[in-house]
Amino acid sequence: MNWVIPMEPVICPDVKDESGYVHEIKWDGIRGMVYVQDGKVRIYTKKGKEKTGFYPELDVLKKALGGKSVILDGEFVVLGEEGVPSFYKSLIRERVSSSSKLQYYASLYPVCYMVFDILQYEDHILVNIPLIERKQILEENLSSLTGDDTKIFLTKMYQDGKKLFEQMKKQNMEGIVSKKTDSLYIGGKKHNAWFKTKFIKKMLCVVGGIQWKSINPNSLVLGIKPPGSEKLVYVGKASAGLKQSDLMLIKEYIGQLEWKECPFTTDETIELDRTGERFTWLYPALTCWISFLELTNNGHLRHPKIEGFAVLPIEEADGKVLTE
């Protein structure tokens, strides 16, 4: 089977409410392409990184498909509280690279596979037929394999996008995806057929460092503190939203909070300074609210904005995402 470049929805600020669209829940997980051939299951991320063997939940497809050749497109999701997807937990599963640790993480963070498209069935390549026909083929051939026992689910289609959008906002989900019913499967984003409308997210973060520009603070280096982690997990830098009063506060307390040791768990922070400006690490005690558009596949904040400092303990900055 040849690699099919995943089709990606384009960000759209408003829900598509004209005719000719169906709408789906946007599941906050890791995009996963599944290739089944000759009773073997091969698994890839959106960028083509092979993860075969690291999602044993999908082994059920080997027997269930009876040797058929199939390419599926969907999302690997770890459900958190109240059935809401946890991107951070999904990312932990995606980053497992040792088979010796797989059983532990699979039991702690079991994955559901939310299937939303089928690109090949037997000898039939389906990318050049309309979406609604691909959905019918998917329903006819995989609906019997889905459910809580298999952890494989087919995403539902909704006709009223605005109603779905409001429902997802109340449930603290990521957003919705709107797709033209006659859309072909076109790799990448060079199309005018799939759109994602997302909510503004908010997360409590810990300030683990300051990046300076000359003598003034320029960016906050941010992290979260998941349960059981001794250090911070880096989630990005932010400068947008910094007020003059914030800068004065940082300057006032920098001497009390400065720390020689890097408070982050990863080496990502070593590569942060590309401008020649200096960093100051801080003792992890200061928290702030950050709004952002979405989390990237490596768990970093996209388009972060500082909304203000908080008086909450760092233990509450556990990576939970809130929807505004």
# chains A, B, ... in the order shown; residues from 1 in each chain; ligands from 1
>>> residues_around(residues="Ile290 (chain A)", least_positions_apart="4", cutoff="12 Å", atoms="only C-alpha atoms", output="MDAnalysis selection string")
chainID A and resid 200:207 220:224 235:242 294 301:310 317 319:324
>>> select_by_dssp(residues="region 109-232 of chain A", states="alpha helix (DSSP H)", output="count of residues only")
22
>>> residues_around(residues="Val36 (chain A)", least_positions_apart="4", cutoff="9 Å", atoms="only C-alpha atoms", output="list in words")
Met1, Lys40, Val41, Arg42, Ile43, Leu61, Lys62, Leu65, Gly67, Lys68, Ser69, Val70, Ile71 and Leu72 of chain A
>>> write_last_selection(atoms="all heavy atoms", output="JSON list (two decimals), in the first residue's frame")
[["chain", "number", "residue", "atom", "x", "y", "z"],
["A", 1, "MET", "N", 0.84, -1.20, 0.00],
["A", 1, "MET", "CA", 0.00, 0.00, 0.00],
["A", 1, "MET", "C", 0.87, 1.25, 0.00],
["A", 1, "MET", "O", 1.84, 1.33, 0.75],
["A", 1, "MET", "CB", -0.89, 0.04, 1.24],
["A", 1, "MET", "CG", -2.03, -0.96, 1.24],
["A", 1, "MET", "SD", -3.08, -0.76, 2.70],
["A", 1, "MET", "CE", -4.40, -1.87, 2.28],
["A", 40, "LYS", "N", -2.09, -7.81, 8.56],
["A", 40, "LYS", "CA", -1.14, -7.01, 9.33],
["A", 40, "LYS", "C", -1.64, -5.57, 9.46],
["A", 40, "LYS", "O", -2.23, -5.03, 8.52],
["A", 40, "LYS", "CB", 0.24, -7.02, 8.65],
["A", 40, "LYS", "CG", 0.87, -8.40, 8.58],
["A", 40, "LYS", "CD", 2.23, -8.34, 7.89],
["A", 40, "LYS", "CE", 2.86, -9.72, 7.82],
["A", 40, "LYS", "NZ", 4.18, -9.69, 7.12],
["A", 41, "VAL", "N", -1.42, -4.99, 10.61],
["A", 41, "VAL", "CA", -1.84, -3.62, 10.88],
["A", 41, "VAL", "C", -0.61, -2.73, 11.02],
["A", 41, "VAL", "O", 0.26, -2.98, 11.85],
["A", 41, "VAL", "CB", -2.68, -3.53, 12.17],
["A", 41, "VAL", "CG1", -3.04, -2.08, 12.48],
["A", 41, "VAL", "CG2", -3.93, -4.38, 12.06],
["A", 42, "ARG", "N", -0.53, -1.71, 10.18],
["A", 42, "ARG", "CA", 0.55, -0.74, 10.28],
["A", 42, "ARG", "C", -0.06, 0.62, 10.61],
["A", 42, "ARG", "O", -1.08, 1.02, 10.04],
["A", 42, "ARG", "CB", 1.36, -0.67, 8.99],
["A", 42, "ARG", "CG", 1.91, -2.00, 8.54],
["A", 42, "ARG", "CD", 2.91, -1.86, 7.41],
["A", 42, "ARG", "NE", 4.19, -1.36, 7.89],
["A", 42, "ARG", "CZ", 5.15, -2.13, 8.39],
["A", 42, "ARG", "NH1", 4.99, -3.43, 8.48],
["A", 42, "ARG", "NH2", 6.29, -1.60, 8.79],
["A", 43, "ILE", "N", 0.59, 1.33, 11.53],
["A", 43, "ILE", "CA", 0.03, 2.56, 12.07],
["A", 43, "ILE", "C", 1.02, 3.71, 11.89],
["A", 43, "ILE", "O", 2.22, 3.55, 12.13],
["A", 43, "ILE", "CB", -0.29, 2.39, 13.57],
["A", 43, "ILE", "CG1", -1.29, 1.24, 13.75],
["A", 43, "ILE", "CG2", -0.84, 3.67, 14.17],
["A", 43, "ILE", "CD1", -1.47, 0.83, 15.19],
["A", 61, "LEU", "N", -8.29, -5.37, 14.59],
["A", 61, "LEU", "CA", -8.56, -5.24, 13.16],
["A", 61, "LEU", "C", -7.97, -6.40, 12.35],
["A", 61, "LEU", "O", -8.44, -6.70, 11.26],
["A", 61, "LEU", "CB", -8.01, -3.91, 12.64],
["A", 61, "LEU", "CG", -8.72, -2.65, 13.13],
["A", 61, "LEU", "CD1", -7.96, -1.40, 12.70],
["A", 61, "LEU", "CD2", -10.15, -2.60, 12.62],
["A", 62, "LYS", "N", -6.93, -7.03, 12.87],
["A", 62, "LYS", "CA", -6.28, -8.13, 12.13],
["A", 62, "LYS", "C", -7.27, -9.24, 11.81],
["A", 62, "LYS", "O", -7.40, -9.69, 10.68],
["A", 62, "LYS", "CB", -5.12, -8.70, 12.95],
["A", 62, "LYS", "CG", -3.97, -7.74, 13.18],
["A", 62, "LYS", "CD", -2.90, -8.38, 14.05],
["A", 62, "LYS", "CE", -1.76, -7.42, 14.34],
["A", 62, "LYS", "NZ", -0.73, -8.03, 15.22],
["A", 65, "LEU", "N", -11.16, -7.85, 10.12],
["A", 65, "LEU", "CA", -11.27, -7.51, 8.70],
["A", 65, "LEU", "C", -11.02, -8.71, 7.79],
["A", 65, "LEU", "O", -11.12, -8.60, 6.57],
["A", 65, "LEU", "CB", -10.32, -6.36, 8.35],
["A", 65, "LEU", "CG", -10.76, -5.00, 8.89],
["A", 65, "LEU", "CD1", -9.67, -3.97, 8.70],
["A", 65, "LEU", "CD2", -12.04, -4.54, 8.22],
["A", 67, "GLY", "N", -8.50, -10.34, 6.57],
["A", 67, "GLY", "CA", -7.51, -10.30, 5.49],
["A", 67, "GLY", "C", -7.76, -9.24, 4.44],
["A", 67, "GLY", "O", -7.04, -9.16, 3.45],
["A", 68, "LYS", "N", -8.80, -8.43, 4.63],
["A", 68, "LYS", "CA", -9.10, -7.38, 3.65],
["A", 68, "LYS", "C", -8.06, -6.26, 3.73],
["A", 68, "LYS", "O", -7.46, -6.02, 4.77],
["A", 68, "LYS", "CB", -10.49, -6.79, 3.90],
["A", 68, "LYS", "CG", -11.64, -7.77, 3.68],
["A", 68, "LYS", "CD", -12.97, -7.09, 3.89],
["A", 68, "LYS", "CE", -14.14, -8.01, 3.58],
["A", 68, "LYS", "NZ", -14.21, -9.15, 4.51],
["A", 69, "SER", "N", -7.86, -5.57, 2.61],
["A", 69, "SER", "CA", -6.95, -4.43, 2.56],
["A", 69, "SER", "C", -7.75, -3.14, 2.77],
["A", 69, "SER", "O", -8.69, -2.87, 2.02],
["A", 69, "SER", "CB", -6.23, -4.37, 1.21],
["A", 69, "SER", "OG", -5.42, -5.52, 1.03],
["A", 70, "VAL", "N", -7.35, -2.38, 3.79],
["A", 70, "VAL", "CA", -8.10, -1.19, 4.16],
["A", 70, "VAL", "C", -7.14, -0.09, 4.61],
["A", 70, "VAL", "O", -6.12, -0.38, 5.25],
["A", 70, "VAL", "CB", -9.08, -1.49, 5.32],
["A", 70, "VAL", "CG1", -9.80, -0.23, 5.77],
["A", 70, "VAL", "CG2", -10.10, -2.54, 4.91],
["A", 71, "ILE", "N", -7.44, 1.16, 4.26],
["A", 71, "ILE", "CA", -6.73, 2.32, 4.81],
["A", 71, "ILE", "C", -7.76, 3.18, 5.52],
["A", 71, "ILE", "O", -8.76, 3.60, 4.92],
["A", 71, "ILE", "CB", -6.02, 3.15, 3.72],
["A", 71, "ILE", "CG1", -5.00, 2.30, 2.97],
["A", 71, "ILE", "CG2", -5.32, 4.36, 4.36],
["A", 71, "ILE", "CD1", -4.29, 3.05, 1.84],
["A", 72, "LEU", "N", -7.51, 3.45, 6.81],
["A", 72, "LEU", "CA", -8.42, 4.24, 7.62],
["A", 72, "LEU", "C", -7.75, 5.52, 8.08],
["A", 72, "LEU", "O", -6.53, 5.55, 8.27],
["A", 72, "LEU", "CB", -8.87, 3.43, 8.84],
["A", 72, "LEU", "CG", -9.57, 2.10, 8.57],
["A", 72, "LEU", "CD1", -9.82, 1.38, 9.89],
["A", 72, "LEU", "CD2", -10.86, 2.30, 7.80]]
>>> closest_residue(among="A:Pro226, A:Gly80, A:Gly299, A:Pro110", to="Asp318 (chain A)", atoms="only C-alpha atoms")
A:Pro226
>>> residues_around(residues="Ile132 (chain A)", least_positions_apart="3", cutoff="7 Å", atoms="only C-alpha atoms", output="ChimeraX atom specification")
/A:135-136,181-182
>>> write_last_selection(atoms="C-alpha atoms", output="PDB file, in the first residue's frame")
ATOM      1  CA  LYS A 135     -18.805   7.437   4.673  1.00  0.00           C
ATOM      2  CA  GLN A 136     -21.330   4.887   3.384  1.00  0.00           C
ATOM      3  CA  THR A 181     -20.397  16.163   1.259  1.00  0.00           C
ATOM      4  CA  ASP A 182     -18.995  15.945  -2.291  1.00  0.00           C
TER       5      ASP A 182
END
>>> residues_around(residues="Ala285 (chain A)", least_positions_apart="6", cutoff="10 Å", atoms="only C-alpha atoms", output="number ranges by chain")
A: 206-208, 257, 311-315
>>> write_last_selection(atoms="N, CA, C and O atoms", output="compact mmCIF listing (two decimals), in the first residue's frame")
# COMPACT_ATOMS: atom_id res chain seq x y z
N VAL A 206 2.75 27.46 34.64
CA VAL A 206 3.76 27.90 35.60
C VAL A 206 4.85 28.63 34.84
O VAL A 206 5.30 28.18 33.78
N VAL A 207 5.27 29.77 35.36
CA VAL A 207 6.37 30.52 34.74
C VAL A 207 7.69 29.92 35.23
O VAL A 207 8.03 30.01 36.41
N GLY A 208 8.39 29.28 34.30
CA GLY A 208 9.65 28.62 34.66
C GLY A 208 10.88 29.38 34.25
O GLY A 208 12.00 29.00 34.58
N LEU A 257 13.04 34.97 42.92
CA LEU A 257 12.65 33.73 42.24
C LEU A 257 13.75 33.13 41.37
O LEU A 257 13.62 31.99 40.91
N VAL A 311 -3.04 33.45 41.55
CA VAL A 311 -2.56 33.17 42.90
C VAL A 311 -2.79 31.70 43.23
O VAL A 311 -2.85 31.30 44.39
N LEU A 312 -2.88 30.87 42.20
CA LEU A 312 -3.13 29.45 42.37
C LEU A 312 -1.83 28.68 42.51
O LEU A 312 -0.82 29.05 41.90
N PRO A 313 -1.80 27.59 43.27
CA PRO A 313 -0.58 26.80 43.42
C PRO A 313 -0.21 26.09 42.13
O PRO A 313 -1.07 25.81 41.29
N ILE A 314 1.07 25.77 41.98
CA ILE A 314 1.55 25.17 40.74
C ILE A 314 0.94 23.79 40.50
O ILE A 314 0.85 23.33 39.36
N GLU A 315 0.50 23.12 41.56
CA GLU A 315 -0.11 21.79 41.39
C GLU A 315 -1.40 21.85 40.59
O GLU A 315 -1.82 20.85 40.00
>>> residues_around(residues="region 144-157 of chain A", least_positions_apart="4", cutoff="7 Å", atoms="only C-alpha atoms", output="PyMOL selection string")
chain A and resi 22-24+60+64+112-116
>>> write_last_selection(atoms="C-alpha atoms", output="CSV table (one decimal), in the first residue's frame")
chain,number,residue,atom,x,y,z
A,22,VAL,CA,-21.8,17.7,7.2
A,23,HIS,CA,-20.3,18.4,10.6
A,24,GLU,CA,-18.3,16.3,13.0
A,60,VAL,CA,-8.6,-6.4,16.8
A,64,ALA,CA,-12.0,-8.6,12.3
A,112,CYS,CA,-9.9,4.9,21.4
A,113,TYR,CA,-9.7,5.1,17.7
A,114,MET,CA,-12.2,7.6,16.2
A,115,VAL,CA,-12.4,6.7,12.5
A,116,PHE,CA,-13.7,9.4,10.2
>>> atom_distance(atom1="CA of Ile118 (chain A)", atom2="CA of Gly32 (chain A)")
12.1 Å
>>> closest_atom_pairs(of="region 181-242 of chain A", to="region 250-253 of chain A", cutoff="12 Å", atoms="only C-alpha atoms", output="JSON lines")
{"residue": "A:Val207", "atom": "CA", "partner": "A:Ile250", "partner_atom": "CA", "distance": 10.5}
{"residue": "A:Gly209", "atom": "CA", "partner": "A:Ile250", "partner_atom": "CA", "distance": 10.6}
{"residue": "A:Ile210", "atom": "CA", "partner": "A:Ile250", "partner_atom": "CA", "distance": 8.9}
{"residue": "A:Gln211", "atom": "CA", "partner": "A:Ile250", "partner_atom": "CA", "distance": 11.5}
{"residue": "A:Trp212", "atom": "CA", "partner": "A:Lys251", "partner_atom": "CA", "distance": 11.1}
{"residue": "A:Ile215", "atom": "CA", "partner": "A:Lys251", "partner_atom": "CA", "distance": 9.9}
{"residue": "A:Asn216", "atom": "CA", "partner": "A:Lys251", "partner_atom": "CA", "distance": 8.3}
{"residue": "A:Pro217", "atom": "CA", "partner": "A:Ile250", "partner_atom": "CA", "distance": 7.7}
{"residue": "A:Asn218", "atom": "CA", "partner": "A:Ile250", "partner_atom": "CA", "distance": 10.7}
{"residue": "A:Ser219", "atom": "CA", "partner": "A:Ile250", "partner_atom": "CA", "distance": 11.0}
{"residue": "A:Leu220", "atom": "CA", "partner": "A:Ile250", "partner_atom": "CA", "distance": 9.9}
{"residue": "A:Leu242", "atom": "CA", "partner": "A:Ile250", "partner_atom": "CA", "distance": 10.5}
>>> select_by_dssp(residues="region 19-263 of chain A", states="strand (DSSP E)", output="count of residues only")
81
>>> closest_residue(among="A:Trp259, A:Phe264, A:Phe199, A:Phe87", to="Tyr283 (chain A)", atoms="only C-alpha atoms")
A:Trp259
>>> atom_distance(atom1="CA of Gly48 (chain A)", atom2="CA of Tyr234 (chain A)")
24.4 Å
>>> atom_distance(atom1="CA of Lys225 (chain A)", atom2="CA of Leu247 (chain A)")
24.0 Å
>>> closest_residue(among="A:Glu94, A:Glu316, A:Asp17, A:Asp117", to="Lys49 (chain A)", atoms="only C-alpha atoms")
A:Glu94
>>> residues_around(residues="Ser99 (chain A)", least_positions_apart="2", cutoff="12 Å", atoms="only C-alpha atoms", output="list in words")
Lys51, Thr52, Gly53, Phe54, Tyr55, Pro56, Arg93, Arg95, Val96, Ser97, Lys101, Leu102, Gln103, Tyr104, Tyr105 and Ala106 of chain A
